[in-house]
file upload.cif (mmCIF, C-alpha atoms and all ligand atoms)
data_target
#
loop_
_atom_site.label_atom_id
_atom_site.label_comp_id
_atom_site.auth_asym_id
_atom_site.auth_seq_id
_atom_site.Cartn_x
_atom_site.Cartn_y
_atom_site.Cartn_z
CA MET P 275 -38.96 -101.15 88.41
CA SER P 276 -41.98 -100.43 86.19
CA ILE P 277 -40.19 -97.47 84.56
CA GLU P 278 -37.47 -99.86 83.48
CA ILE P 279 -40.14 -102.20 82.11
CA ALA P 280 -41.73 -99.32 80.16
CA ASN P 281 -38.39 -98.69 78.44
CA ARG P 282 -38.44 -102.19 77.04
CA PHE P 283 -41.39 -101.20 74.83
CA GLU P 284 -41.35 -99.20 71.62
CA ILE P 285 -42.31 -95.95 73.29
CA ASP P 286 -41.37 -92.58 71.87
CA GLY P 287 -38.22 -91.59 73.83
CA ALA P 288 -37.20 -92.83 77.25
CA ALA P 289 -39.82 -93.12 79.98
CA ALA P 290 -39.67 -90.02 82.23
CA SER P 291 -42.32 -91.11 84.76
CA CYS P 292 -44.45 -94.10 85.58
CA GLU P 293 -47.24 -93.85 88.19
CA ARG P 294 -50.07 -96.12 89.30
CA TYR P 295 -53.27 -95.17 87.48
CA GLY P 296 -57.02 -95.86 87.34
CA ASN P 297 -59.48 -97.78 89.48
CA GLY P 298 -59.48 -101.26 87.93
CA HIS P 299 -59.89 -104.25 90.26
CA ILE P 300 -57.79 -106.70 88.27
CA ASN P 301 -54.66 -105.49 86.49
CA GLU P 302 -51.93 -103.17 87.78
CA THR P 303 -52.17 -100.10 85.60
CA TYR P 304 -49.52 -97.36 85.23
CA LEU P 305 -49.47 -94.09 83.34
CA VAL P 306 -46.15 -93.70 81.55
CA VAL P 307 -44.97 -90.34 80.23
CA SER P 308 -41.97 -90.39 77.93
CA ALA P 309 -39.29 -87.70 77.56
CA THR P 310 -41.16 -86.39 74.49
CA GLY P 311 -44.36 -86.02 76.54
CA THR P 312 -46.10 -88.96 74.91
CA ARG P 313 -48.37 -90.86 77.28
CA TYR P 314 -48.90 -94.61 77.48
CA ILE P 315 -50.76 -97.12 79.60
CA LEU P 316 -48.51 -99.86 81.00
CA GLN P 317 -50.24 -102.84 82.57
CA LYS P 318 -49.07 -105.81 84.55
CA ILE P 319 -51.55 -108.48 83.53
CA ASN P 320 -53.05 -110.35 86.46
CA ARG P 321 -51.77 -113.88 85.90
CA GLY P 322 -53.85 -115.24 88.78
CA VAL P 323 -56.92 -114.26 86.77
CA PHE P 324 -55.67 -114.74 83.21
CA HIS P 325 -53.84 -118.02 82.89
CA ASP P 326 -53.07 -117.93 79.16
CA VAL P 327 -51.55 -114.53 78.40
CA PRO P 328 -50.50 -115.35 74.79
CA ALA P 329 -54.10 -116.37 73.98
CA LEU P 330 -55.45 -113.29 75.75
CA MET P 331 -53.16 -110.95 73.82
CA HIS P 332 -53.97 -112.74 70.58
CA ASN P 333 -57.68 -112.08 71.21
CA ILE P 334 -57.02 -108.41 71.89
CA ALA P 335 -54.75 -107.92 68.88
CA SER P 336 -57.29 -109.58 66.55
CA VAL P 337 -60.24 -107.60 67.89
CA CYS P 338 -58.33 -104.29 67.74
CA ALA P 339 -57.25 -104.98 64.15
CA TYR P 340 -60.82 -105.86 63.18
CA LEU P 341 -62.20 -102.69 64.76
CA ARG P 342 -59.46 -100.52 63.23
CA ALA P 343 -60.21 -101.91 59.76
CA GLN P 344 -63.79 -100.63 60.16
CA ASP P 345 -62.83 -97.28 61.67
CA PRO P 346 -59.20 -96.11 61.20
CA ASP P 347 -59.42 -93.13 63.60
CA PRO P 348 -56.55 -93.86 66.07
CA ARG P 349 -58.66 -92.85 69.06
CA HIS P 350 -61.50 -95.20 68.06
CA SER P 351 -59.70 -98.44 68.89
CA MET P 352 -56.87 -99.44 71.20
CA ARG P 353 -53.32 -99.79 69.86
CA ILE P 354 -50.89 -102.23 71.41
CA VAL P 355 -47.34 -100.86 71.65
CA PRO P 356 -45.02 -103.82 71.07
CA PRO P 357 -41.99 -104.69 73.19
CA ARG P 358 -38.68 -103.84 71.50
CA THR P 359 -38.05 -107.56 71.21
CA GLY P 360 -41.30 -108.05 69.25
CA GLY P 361 -44.63 -109.69 70.03
CA SER P 362 -47.48 -108.02 71.92
CA PHE P 363 -46.36 -108.35 75.57
CA LEU P 364 -43.25 -109.18 77.55
CA THR P 365 -42.51 -111.49 80.42
CA ASP P 366 -40.08 -110.10 83.01
CA GLU P 367 -37.47 -111.92 85.06
CA ASP P 368 -40.08 -112.67 87.76
CA GLY P 369 -42.47 -114.21 85.24
CA ALA P 370 -44.88 -111.23 85.28
CA ALA P 371 -46.55 -110.31 81.97
CA TRP P 372 -46.62 -106.67 80.85
CA ARG P 373 -48.20 -104.80 77.95
CA VAL P 374 -48.41 -101.22 76.76
CA TYR P 375 -51.19 -99.34 74.97
CA ASP P 376 -51.23 -95.89 73.45
CA PHE P 377 -52.94 -93.56 75.89
CA VAL P 378 -56.30 -92.46 74.49
CA GLU P 379 -55.73 -88.69 74.62
CA ASP P 380 -58.21 -85.89 75.27
CA SER P 381 -60.56 -88.38 76.77
CA ILE P 382 -62.46 -88.92 79.99
CA CYS P 383 -63.06 -92.17 81.81
CA LEU P 384 -65.79 -92.03 84.48
CA ASP P 385 -66.50 -94.08 87.58
CA ALA P 386 -70.03 -92.70 87.66
CA PRO P 387 -71.99 -90.81 84.99
CA GLU P 388 -71.85 -87.05 85.54
CA THR P 389 -74.97 -86.58 83.43
CA PRO P 390 -77.49 -89.01 81.88
CA GLU P 391 -76.03 -88.01 78.51
CA ASP P 392 -72.62 -89.47 79.54
CA PHE P 393 -74.35 -92.73 80.33
CA TYR P 394 -76.26 -92.61 77.04
CA GLN P 395 -72.99 -92.18 75.15
CA SER P 396 -71.38 -95.10 76.99
CA ALA P 397 -74.36 -97.21 75.89
CA VAL P 398 -73.74 -96.13 72.32
CA ALA P 399 -70.08 -97.11 72.72
CA PHE P 400 -70.81 -100.62 74.01
CA GLY P 401 -73.72 -101.13 71.58
CA THR P 402 -71.53 -100.07 68.67
CA PHE P 403 -68.71 -102.32 69.88
CA GLN P 404 -71.00 -105.33 69.80
CA ARG P 405 -72.48 -104.42 66.42
CA GLN P 406 -69.03 -103.84 64.90
CA LEU P 407 -67.98 -107.30 66.06
CA ALA P 408 -71.13 -109.05 64.81
CA GLY P 409 -69.21 -110.38 61.79
CA PHE P 410 -66.08 -111.33 63.76
CA PRO P 411 -65.40 -115.09 63.73
CA ALA P 412 -66.21 -115.78 67.39
CA ASP P 413 -64.81 -119.31 67.29
CA THR P 414 -61.29 -117.89 66.79
CA LEU P 415 -61.40 -116.20 70.19
CA ALA P 416 -59.94 -117.97 73.21
CA GLU P 417 -62.10 -118.14 76.32
CA THR P 418 -59.81 -116.06 78.53
CA ILE P 419 -61.79 -116.90 81.68
CA PRO P 420 -63.84 -120.05 81.18
CA HIS P 421 -67.41 -119.87 82.56
CA PHE P 422 -67.02 -116.14 83.13
CA HIS P 423 -70.75 -115.29 83.06
CA ASP P 424 -71.94 -118.82 83.73
CA THR P 425 -74.10 -117.87 86.71
CA PRO P 426 -74.83 -121.48 87.83
CA ASP P 427 -71.08 -122.10 87.92
CA ARG P 428 -70.60 -118.94 90.02
CA TYR P 429 -73.13 -120.44 92.47
CA ARG P 430 -71.19 -123.68 92.56
CA LEU P 431 -68.09 -121.74 93.60
CA LEU P 432 -70.07 -119.83 96.23
CA ARG P 433 -71.39 -123.07 97.75
CA GLU P 434 -67.88 -124.50 97.82
CA ALA P 435 -66.51 -121.39 99.51
CA ALA P 436 -69.33 -121.38 102.08
CA GLU P 437 -68.84 -125.07 102.87
CA ARG P 438 -65.08 -124.71 103.30
CA ASP P 439 -65.42 -121.44 105.19
CA ALA P 440 -61.64 -121.17 105.20
CA LEU P 441 -61.53 -117.93 107.21
CA GLY P 442 -64.52 -118.49 109.49
CA ARG P 443 -66.35 -115.61 107.81
CA ARG P 444 -69.53 -117.51 106.99
CA LYS P 445 -71.24 -116.59 110.25
CA LEU P 446 -70.86 -112.93 109.24
CA VAL P 447 -72.66 -113.36 105.93
CA GLU P 448 -75.65 -115.62 106.65
CA ARG P 449 -78.07 -112.96 105.43
CA GLU P 450 -76.19 -112.40 102.17
CA LEU P 451 -75.86 -116.13 101.64
CA ASP P 452 -79.61 -116.60 102.16
CA PHE P 453 -80.34 -113.85 99.65
CA ALA P 454 -78.03 -115.42 97.09
CA LEU P 455 -79.44 -118.91 97.50
CA ALA P 456 -83.04 -117.69 97.34
CA HIS P 457 -82.21 -116.36 93.85
CA GLU P 458 -80.25 -119.36 92.63
CA ALA P 459 -82.92 -120.91 90.40
CA GLU P 460 -83.65 -117.61 88.74
CA GLY P 461 -79.92 -117.01 88.32
CA ALA P 462 -79.82 -119.83 85.78
CA ALA P 463 -82.37 -118.23 83.42
CA LEU P 464 -79.91 -116.84 80.85
CA ALA P 465 -77.71 -119.93 80.98
CA ASN P 466 -80.82 -122.03 80.27
CA LEU P 467 -81.83 -119.92 77.26
CA LEU P 468 -78.29 -120.20 75.93
CA ALA P 469 -78.19 -123.96 76.45
CA ARG P 470 -81.49 -124.33 74.56
CA GLY P 471 -80.02 -122.36 71.64
CA GLU P 472 -82.66 -119.63 71.91
CA LEU P 473 -80.15 -116.79 72.13
CA PRO P 474 -77.30 -116.21 69.68
CA LEU P 475 -73.75 -116.34 70.94
CA ARG P 476 -72.16 -112.95 70.16
CA VAL P 477 -68.70 -111.51 70.52
CA THR P 478 -69.24 -109.53 73.71
CA HIS P 479 -67.07 -107.42 75.98
CA ASN P 480 -68.26 -109.04 79.21
CA ASP P 481 -67.02 -106.28 81.53
CA THR P 482 -68.99 -103.23 80.43
CA LYS P 483 -68.36 -100.97 83.41
CA LEU P 484 -68.57 -97.29 82.71
CA ASN P 485 -64.84 -96.97 83.49
CA ASN P 486 -64.10 -99.34 80.61
CA VAL P 487 -65.18 -96.80 77.99
CA MET P 488 -63.45 -93.61 76.91
CA LEU P 489 -65.43 -90.51 75.95
CA ASP P 490 -64.06 -87.47 74.15
CA ALA P 491 -63.20 -84.83 76.77
CA VAL P 492 -64.75 -82.02 74.71
CA THR P 493 -67.72 -83.52 72.87
CA ARG P 494 -68.24 -86.30 75.47
CA LYS P 495 -69.07 -88.62 72.57
CA PRO P 496 -67.70 -92.20 72.55
CA LEU P 497 -64.12 -92.78 71.50
CA CYS P 498 -63.46 -96.41 72.26
CA VAL P 499 -64.05 -99.32 74.54
CA ILE P 500 -61.07 -100.43 76.65
CA ASP P 501 -60.24 -103.35 79.00
CA LEU P 502 -60.60 -106.01 76.32
CA ASP P 503 -59.32 -108.90 78.47
CA THR P 504 -62.73 -110.54 78.65
CA VAL P 505 -63.81 -110.12 75.03
CA MET P 506 -65.19 -113.58 74.34
CA PRO P 507 -68.28 -115.21 72.96
CA GLY P 508 -71.21 -114.25 75.21
CA LEU P 509 -74.76 -112.92 75.33
CA ALA P 510 -75.93 -109.41 74.48
CA ALA P 511 -77.72 -109.36 77.84
CA TYR P 512 -74.39 -109.76 79.65
CA ASP P 513 -73.03 -106.54 78.19
CA PHE P 514 -76.23 -104.60 78.68
CA GLY P 515 -76.69 -105.98 82.19
CA ASP P 516 -73.21 -105.28 83.51
CA SER P 517 -73.48 -101.66 82.41
CA ILE P 518 -76.74 -101.21 84.29
CA ARG P 519 -75.31 -102.90 87.37
CA PHE P 520 -72.48 -100.40 87.57
CA GLY P 521 -73.64 -97.23 85.86
CA ALA P 522 -77.37 -97.04 86.68
CA SER P 523 -76.72 -97.37 90.40
CA THR P 524 -77.27 -94.20 92.41
CA ALA P 525 -74.18 -95.00 94.51
CA ALA P 526 -70.70 -96.43 94.13
CA GLU P 527 -70.15 -100.17 93.91
CA ASP P 528 -68.65 -100.15 97.42
CA GLU P 529 -71.02 -97.69 99.14
CA ARG P 530 -71.54 -98.65 102.77
CA ASP P 531 -74.77 -96.72 103.30
CA LEU P 532 -77.19 -99.02 101.50
CA SER P 533 -80.01 -96.49 101.71
CA ARG P 534 -78.12 -94.61 98.97
CA VAL P 535 -78.01 -97.61 96.65
CA THR P 536 -80.88 -97.86 94.17
CA MET P 537 -81.20 -98.47 90.46
CA SER P 538 -82.19 -95.29 88.68
CA LEU P 539 -85.04 -95.97 86.23
CA GLU P 540 -84.10 -92.77 84.43
CA LEU P 541 -80.57 -94.07 83.84
CA TYR P 542 -81.95 -97.50 82.94
CA GLU P 543 -84.12 -95.93 80.26
CA THR P 544 -81.25 -93.77 79.03
CA TYR P 545 -78.91 -96.73 78.67
CA ALA P 546 -81.56 -98.97 77.06
CA ARG P 547 -82.19 -96.29 74.43
CA GLY P 548 -78.50 -95.82 73.63
CA PHE P 549 -77.61 -99.51 73.58
CA THR P 550 -80.62 -100.59 71.48
CA SER P 551 -80.18 -97.77 68.97
CA ALA P 552 -76.48 -98.59 68.41
CA CYS P 553 -76.66 -102.38 68.57
CA THR P 554 -78.90 -102.88 65.56
CA THR P 555 -78.00 -106.58 65.39
CA LEU P 556 -80.15 -107.46 68.45
CA THR P 557 -82.89 -110.04 67.86
CA LYS P 558 -86.37 -109.64 69.39
CA LEU P 559 -85.63 -112.20 72.10
CA GLU P 560 -82.28 -110.56 72.84
CA ARG P 561 -84.08 -107.26 73.38
CA GLU P 562 -86.59 -108.97 75.66
CA THR P 563 -83.82 -110.47 77.80
CA LEU P 564 -82.11 -107.14 78.53
CA PRO P 565 -83.89 -106.51 81.88
CA LEU P 566 -83.02 -110.06 82.90
CA GLY P 567 -79.40 -109.33 81.98
CA ALA P 568 -79.41 -106.33 84.31
CA LYS P 569 -80.74 -108.35 87.21
CA LEU P 570 -78.63 -111.46 86.67
CA MET P 571 -75.34 -109.65 86.05
CA THR P 572 -75.92 -107.76 89.30
CA LEU P 573 -76.83 -110.92 91.17
CA GLU P 574 -73.84 -112.77 89.71
CA CYS P 575 -71.45 -109.98 90.61
CA GLY P 576 -72.77 -110.00 94.19
CA VAL P 577 -72.24 -113.76 94.29
CA ARG P 578 -68.67 -113.28 93.04
CA PHE P 579 -67.87 -110.60 95.67
CA LEU P 580 -69.37 -112.80 98.39
CA THR P 581 -67.35 -115.81 97.25
CA ASP P 582 -64.18 -113.74 97.23
CA TYR P 583 -64.94 -112.48 100.74
CA LEU P 584 -65.41 -116.06 101.96
CA VAL P 585 -62.17 -117.33 100.41
CA GLY P 586 -60.12 -114.39 101.72
CA ASP P 587 -60.15 -111.69 99.00
CA THR P 588 -57.93 -113.43 96.53
CA TYR P 589 -59.49 -112.16 93.28
CA PHE P 590 -60.75 -108.58 93.48
CA ARG P 591 -58.25 -106.01 94.74
CA ILE P 592 -59.46 -104.61 98.08
CA HIS P 593 -58.60 -101.30 99.73
CA ARG P 594 -60.08 -101.93 103.19
CA PRO P 595 -61.13 -104.92 105.27
CA ASP P 596 -64.62 -106.18 104.30
CA HIS P 597 -64.41 -104.33 100.98
CA ASN P 598 -65.74 -107.32 99.07
CA LEU P 599 -68.57 -107.77 101.57
CA ASP P 600 -69.53 -104.11 101.14
CA ARG P 601 -69.48 -104.62 97.37
CA CYS P 602 -71.62 -107.74 97.67
CA ARG P 603 -74.21 -105.87 99.74
CA THR P 604 -74.60 -103.07 97.18
CA GLN P 605 -75.18 -105.65 94.45
CA PHE P 606 -77.85 -107.50 96.41
CA LYS P 607 -79.51 -104.20 97.34
CA LEU P 608 -79.62 -103.34 93.65
CA VAL P 609 -81.15 -106.72 92.78
CA ALA P 610 -83.90 -106.16 95.36
CA ASP P 611 -84.48 -102.66 94.01
CA MET P 612 -84.72 -103.98 90.45
CA GLU P 613 -87.30 -106.49 91.63
CA SER P 614 -89.43 -103.67 92.96
CA LYS P 615 -89.10 -101.87 89.59
CA TRP P 616 -89.38 -104.96 87.39
CA SER P 617 -92.54 -104.09 85.45
CA GLN P 618 -91.21 -100.60 84.66
CA MET P 619 -87.88 -102.06 83.50
CA GLN P 620 -89.71 -104.43 81.17
CA ARG P 621 -91.95 -101.67 79.84
CA ILE P 622 -88.94 -99.47 79.13
CA SER P 623 -87.11 -102.23 77.29
CA ALA P 624 -90.19 -103.15 75.25
CA ALA P 625 -90.58 -99.52 74.15
CA GLN P 626 -87.13 -99.34 72.50
P1 LIG R 701 -58.66 -103.33 84.90
O1 LIG R 701 -58.83 -104.64 84.18
O2 LIG R 701 -57.82 -103.46 86.11
O3 LIG R 701 -59.98 -102.67 85.13
P2 LIG R 701 -58.29 -101.40 82.70
O4 LIG R 701 -57.74 -101.92 81.42
O5 LIG R 701 -59.76 -101.14 82.75
O6 LIG R 701 -57.82 -102.39 83.90
O7 LIG R 701 -57.49 -100.07 83.06
C1 LIG R 701 -57.70 -99.37 84.28
C2 LIG R 701 -57.96 -97.89 84.00
O8 LIG R 701 -56.85 -97.33 83.27
C3 LIG R 701 -59.19 -97.60 83.13
O9 LIG R 701 -60.38 -97.56 83.88
C4 LIG R 701 -58.80 -96.24 82.51
O10 LIG R 701 -59.04 -95.20 83.44
C5 LIG R 701 -57.30 -96.36 82.33
N1 LIG R 701 -56.93 -96.79 80.96
C6 LIG R 701 -56.77 -98.06 80.54
N2 LIG R 701 -56.40 -98.09 79.25
C7 LIG R 701 -56.32 -96.80 78.83
C8 LIG R 701 -55.94 -96.15 77.60
N3 LIG R 701 -55.56 -96.85 76.53
N4 LIG R 701 -55.97 -94.79 77.55
C9 LIG R 701 -56.33 -94.06 78.64
N5 LIG R 701 -56.69 -94.62 79.82
C10 LIG R 701 -56.67 -95.96 79.93
C1 LIG R 702 -63.62 -106.47 87.44
O1 LIG R 702 -61.36 -105.36 85.56
P1 LIG R 702 -62.45 -104.46 86.09
O2 LIG R 702 -62.14 -103.77 87.37
O3 LIG R 702 -62.94 -103.57 84.98
C2 LIG R 702 -64.08 -107.82 86.90
C3 LIG R 702 -65.51 -107.74 86.43
C4 LIG R 702 -66.41 -107.29 87.58
C5 LIG R 702 -65.89 -105.96 88.10
C6 LIG R 702 -66.65 -105.53 89.32
C7 LIG R 702 -61.80 -109.79 84.66
O4 LIG R 702 -63.65 -105.51 86.41
O5 LIG R 702 -65.96 -109.00 85.96
O6 LIG R 702 -67.75 -107.14 87.15
O7 LIG R 702 -64.49 -106.05 88.47
N1 LIG R 702 -63.19 -108.23 85.82
C8 LIG R 702 -62.73 -109.49 85.77
O8 LIG R 702 -66.38 -104.18 89.54
O9 LIG R 702 -63.04 -110.36 86.59
MG MG R 703 -61.37 -101.96 83.81
#

call {"tool": "encode", "arguments": {"input": "upload.cif", "output": "structure tokens"}}
result
Amino acid sequence: MSIEIANRFEIDGAAASCERYGNGHINETYLVVSATGTRYILQKINRGVFHDVPALMHNIASVCAYLRAQDPDPRHSMRIVPPRTGGSFLTDEDGAAWRVYDFVEDSICLDAPETPEDFYQSAVAFGTFQRQLAGFPADTLAETIPHFHDTPDRYRLLREAAERDALGRRKLVERELDFALAHEAEGAALANLLARGELPLRVTHNDTKLNNVMLDAVTRKPLCVIDLDTVMPGLAAYDFGDSIRFGASTAAEDERDLSRVTMSLELYETYARGFTSACTTLTKLERETLPLGAKLMTLECGVRFLTDYLVGDTYFRIHRPDHNLDRCRTQFKLVADMESKWSQMQRISAAQ
């Protein structure tokens, strides 16, 4: 089926193969190889998550064009391959939305840093991305997922899910729920600063996992940032924080042995250095809120996994029963670990 979909795009020659690809939790991603050997990324956009696909694709096309105008190297920004009928995506007979990108060749995409230098370079990539978009008219971007990093709103959804307890899972997560609720007031700290106008609204990526950045396979220097579905107005601390949550952890996001899950101060320092050096547009207060971003993005992600577990795993793709609960537990373990390292995190950020 998907090979036939791939052929409806302006790819170079007919599609010879089309296989599932990558470790994303949201979209269905396929690697397409055409008869001429050219590679593409085909994605079925998750319509349950993204309700307005035309607006989403308009965001992505505008941001890619803006980035390409600043840096024309074809591997330094994503290129949308249009459907043969025109536009930026196609809707199939079942109503599913599909898009194709050029494959970023000679690149690597990591689920965990192999060396601190890889993590440093990913920080440079995301810091540069935010700096390059500092002049982009943020008000022209659609909010592809409203309240995406609105932590108080994520708590509202968690409370709702716990009260409904649709699957009777609440009794299994009392400890996690207690942890979440004990951090609720603190969880609102960034939202409060934003509401008081103390932090500037930036064009941010909002999903700065390490596997959303491509590095050159040989030099291991940044090529481009991918997964632009959540590029929206946001806070610098969101982008910094989500990277720490995922990439500075000593274990995978779904590790079951929590004794292996800690936040590496070495990786925290490495990322802070890379991000701050590349994102020269940061204000003093933005720099000061970076540790808070790390803690709150981790807390918020744990709250989201827990909510999804309670409602029956309807948002994040799971590969085993209790997958979202395992993910929630790693996030809360990381939050606790950050709390024990809080003064060092602040010292490191202040030194940049
Ligand atoms: P999701 O929203 O599901 O995370 P992504 O857009 O991040 O989807 O894509 C999933 C994976 O596919 C990425 O982590 C990366 O490995 C790979 N990928 C996506 N786009 C490209 C691209 N243009 N070139 C090479 N690999 C890509
Ligand atoms: C999702 O799309 P992906 O897998 O890169 C999610 C992020 C979460 C992340 C947790 C659109 O990211 O917000 O932090 O999973 N993306 C969306 O791993 O919800
Ligand atoms: Mg992704």

call {"tool": "residues_near_ligand", "arguments": {"input": "upload.cif", "ligand": "ligand LIG 702 (chain R)", "cutoff": "6 Å", "atoms": "only C-alpha atoms and all ligand atoms", "output": "VMD selection string"}}
result
chain P and resid 298 to 300 481 575

call {"tool": "residues_near_ligand", "arguments": {"input": "upload.cif", "ligand": "ligand MG 703 (chain R)", "cutoff": "12 Å", "atoms": "all atoms listed in the file", "output": "number ranges by chain"}}
result
P: 295-303, 317, 319, 383-385, 479-488, 499-504, 520, 590

call {"tool": "residues_around", "arguments": {"input": "upload.cif", "residues": "Phe410 (chain P)", "least_positions_apart": "2", "cutoff": "10 Å", "atoms": "all atoms listed in the file", "output": "PDB file with C-alpha atoms, in the coordinates of the input"}}
result
ATOM      1  CA  SER P 336     -57.290-109.580  66.550  1.00  0.00           C
ATOM      2  CA  VAL P 337     -60.240-107.600  67.890  1.00  0.00           C
ATOM      3  CA  TYR P 340     -60.820-105.860  63.180  1.00  0.00           C
ATOM      4  CA  LEU P 341     -62.200-102.690  64.760  1.00  0.00           C
ATOM      5  CA  GLN P 404     -71.000-105.330  69.800  1.00  0.00           C
ATOM      6  CA  ARG P 405     -72.480-104.420  66.420  1.00  0.00           C
ATOM      7  CA  GLN P 406     -69.030-103.840  64.900  1.00  0.00           C
ATOM      8  CA  LEU P 407     -67.980-107.300  66.060  1.00  0.00           C
ATOM      9  CA  ALA P 408     -71.130-109.050  64.810  1.00  0.00           C
ATOM     10  CA  ALA P 412     -66.210-115.780  67.390  1.00  0.00           C
ATOM     11  CA  ASP P 413     -64.810-119.310  67.290  1.00  0.00           C
ATOM     12  CA  THR P 414     -61.290-117.890  66.790  1.00  0.00           C
ATOM     13  CA  LEU P 415     -61.400-116.200  70.190  1.00  0.00           C
ATOM     14  CA  ARG P 476     -72.160-112.950  70.160  1.00  0.00           C
ATOM     15  CA  VAL P 477     -68.700-111.510  70.520  1.00  0.00           C
TER      16      VAL P 477
END

call {"tool": "residues_around", "arguments": {"input": "upload.cif", "residues": "His597 (chain P)", "least_positions_apart": "2", "cutoff": "12 Å", "atoms": "all atoms listed in the file", "output": "ChimeraX atom specification"}}
result
/P:299,527-530,579-580,582-584,586-587,590-595,599-604

call {"tool": "atom_distance", "arguments": {"input": "upload.cif", "atom1": "CA of Gly401 (chain P)", "atom2": "CA of Ala459 (chain P)"}}
result
28.8 Å

call {"tool": "closest_residue", "arguments": {"input": "upload.cif", "among": "P:Leu464, P:Ala435, P:Ile285, P:Ala371", "to": "Thr310 (chain P)", "atoms": "all atoms listed in the file"}}
result
P:Ile285

call {"tool": "residues_around", "arguments": {"input": "upload.cif", "residues": "Glu543 (chain P)", "least_positions_apart": "2", "cutoff": "8 Å", "atoms": "all atoms listed in the file", "output": "count of residues only"}}
result
9

call {"tool": "closest_residue", "arguments": {"input": "upload.cif", "among": "P:Tyr375, P:Phe363, P:Phe400, P:Tyr429", "to": "Arg349 (chain P)", "atoms": "all atoms listed in the file"}}
result
P:Tyr375

call {"tool": "atom_distance", "arguments": {"input": "upload.cif", "atom1": "CA of Glu293 (chain P)", "atom2": "CA of Trp372 (chain P)"}}
result
14.8 Å

call {"tool": "atom_distance", "arguments": {"input": "upload.cif", "atom1": "CA of Asn320 (chain P)", "atom2": "CA of Val307 (chain P)"}}
result
22.5 Å

call {"tool": "closest_atom_pairs", "arguments": {"input": "upload.cif", "of": "region 430-547 of chain P", "to": "region 558-561 of chain P", "cutoff": "12 Å", "atoms": "all atoms listed in the file", "output": "CSV"}}
result
residue,atom,partner,partner_atom,distance
P:Leu464,CA,P:Glu560,CA,10.5
P:Leu467,CA,P:Leu559,CA,10.0
P:Leu468,CA,P:Glu560,CA,10.9
P:Gly471,CA,P:Leu559,CA,11.6
P:Glu472,CA,P:Leu559,CA,8.0
P:Leu473,CA,P:Glu560,CA,6.6
P:Pro474,CA,P:Glu560,CA,8.2
P:Leu475,CA,P:Glu560,CA,10.5
P:Arg476,CA,P:Glu560,CA,10.7
P:Gly508,CA,P:Glu560,CA,11.9
P:Leu509,CA,P:Glu560,CA,8.3
P:Ala510,CA,P:Glu560,CA,6.7
P:Ala511,CA,P:Glu560,CA,6.9
P:Tyr512,CA,P:Glu560,CA,10.5
P:Asp513,CA,P:Glu560,CA,11.4
P:Phe514,CA,P:Arg561,CA,9.8
P:Gly515,CA,P:Arg561,CA,11.6
P:Ala546,CA,P:Arg561,CA,9.4
P:Arg547,CA,P:Arg561,CA,11.2

call {"tool": "closest_residue", "arguments": {"input": "upload.cif", "among": "P:Thr581, P:Thr554, P:Ser614, P:Thr312", "to": "ligand LIG 701 (chain R)", "atoms": "only C-alpha atoms and all ligand atoms"}}
result
P:Thr312

call {"tool": "residues_around", "arguments": {"input": "upload.cif", "residues": "Pro420 (chain P)", "least_positions_apart": "2", "cutoff": "10 Å", "atoms": "only C-alpha atoms", "output": "PyMOL selection string"}}
result
chain P and resi 324+416-418+422-424+504+506

call {"tool": "write_last_selection", "arguments": {"input": "upload.cif", "atoms": "C-alpha atoms", "output": "PDB file, in the frame of the given file"}}
result
ATOM      1  CA  PHE P 324     -55.670-114.740  83.210  1.00  0.00           C
ATOM      2  CA  ALA P 416     -59.940-117.970  73.210  1.00  0.00           C
ATOM      3  CA  GLU P 417     -62.100-118.140  76.320  1.00  0.00           C
ATOM      4  CA  THR P 418     -59.810-116.060  78.530  1.00  0.00           C
ATOM      5  CA  PHE P 422     -67.020-116.140  83.130  1.00  0.00           C
ATOM      6  CA  HIS P 423     -70.750-115.290  83.060  1.00  0.00           C
ATOM      7  CA  ASP P 424     -71.940-118.820  83.730  1.00  0.00           C
ATOM      8  CA  THR P 504     -62.730-110.540  78.650  1.00  0.00           C
ATOM      9  CA  MET P 506     -65.190-113.580  74.340  1.00  0.00           C
TER      10      MET P 506
END

call {"tool": "residues_near_point", "arguments": {"input": "upload.cif", "point": "(-49.3, -97.1, 76.2)", "cutoff": "8 Å", "atoms": "all atoms listed in the file", "output": "short mmCIF file (atom, residue, chain, number, x, y, z; two decimals) with C-alpha atoms, in the frame of the given file"}}
result
data_model
loop_
_atom_site.label_atom_id
_atom_site.label_comp_id
_atom_site.auth_asym_id
_atom_site.auth_seq_id
_atom_site.Cartn_x
_atom_site.Cartn_y
_atom_site.Cartn_z
CA ILE P 285 -42.31 -95.95 73.29
CA LEU P 305 -49.47 -94.09 83.34
CA VAL P 306 -46.15 -93.70 81.55
CA ARG P 313 -48.37 -90.86 77.28
CA TYR P 314 -48.90 -94.61 77.48
CA ILE P 315 -50.76 -97.12 79.60
CA LEU P 316 -48.51 -99.86 81.00
CA ARG P 353 -53.32 -99.79 69.86
CA ILE P 354 -50.89 -102.23 71.41
CA VAL P 355 -47.34 -100.86 71.65
CA ARG P 373 -48.20 -104.80 77.95
CA VAL P 374 -48.41 -101.22 76.76
CA TYR P 375 -51.19 -99.34 74.97
CA ASP P 376 -51.23 -95.89 73.45
CA PHE P 377 -52.94 -93.56 75.89
#

call {"tool": "residues_around", "arguments": {"input": "upload.cif", "residues": "Thr359 (chain P)", "least_positions_apart": "5", "cutoff": "10 Å", "atoms": "all atoms listed in the file", "output": "VMD selection string"}}
result
chain P and resid 282 to 284 364

call {"tool": "closest_residue", "arguments": {"input": "upload.cif", "among": "P:Ala335, P:Ala526, P:Val492, P:Ala624", "to": "Glu379 (chain P)", "atoms": "all atoms listed in the file"}}
result
P:Val492
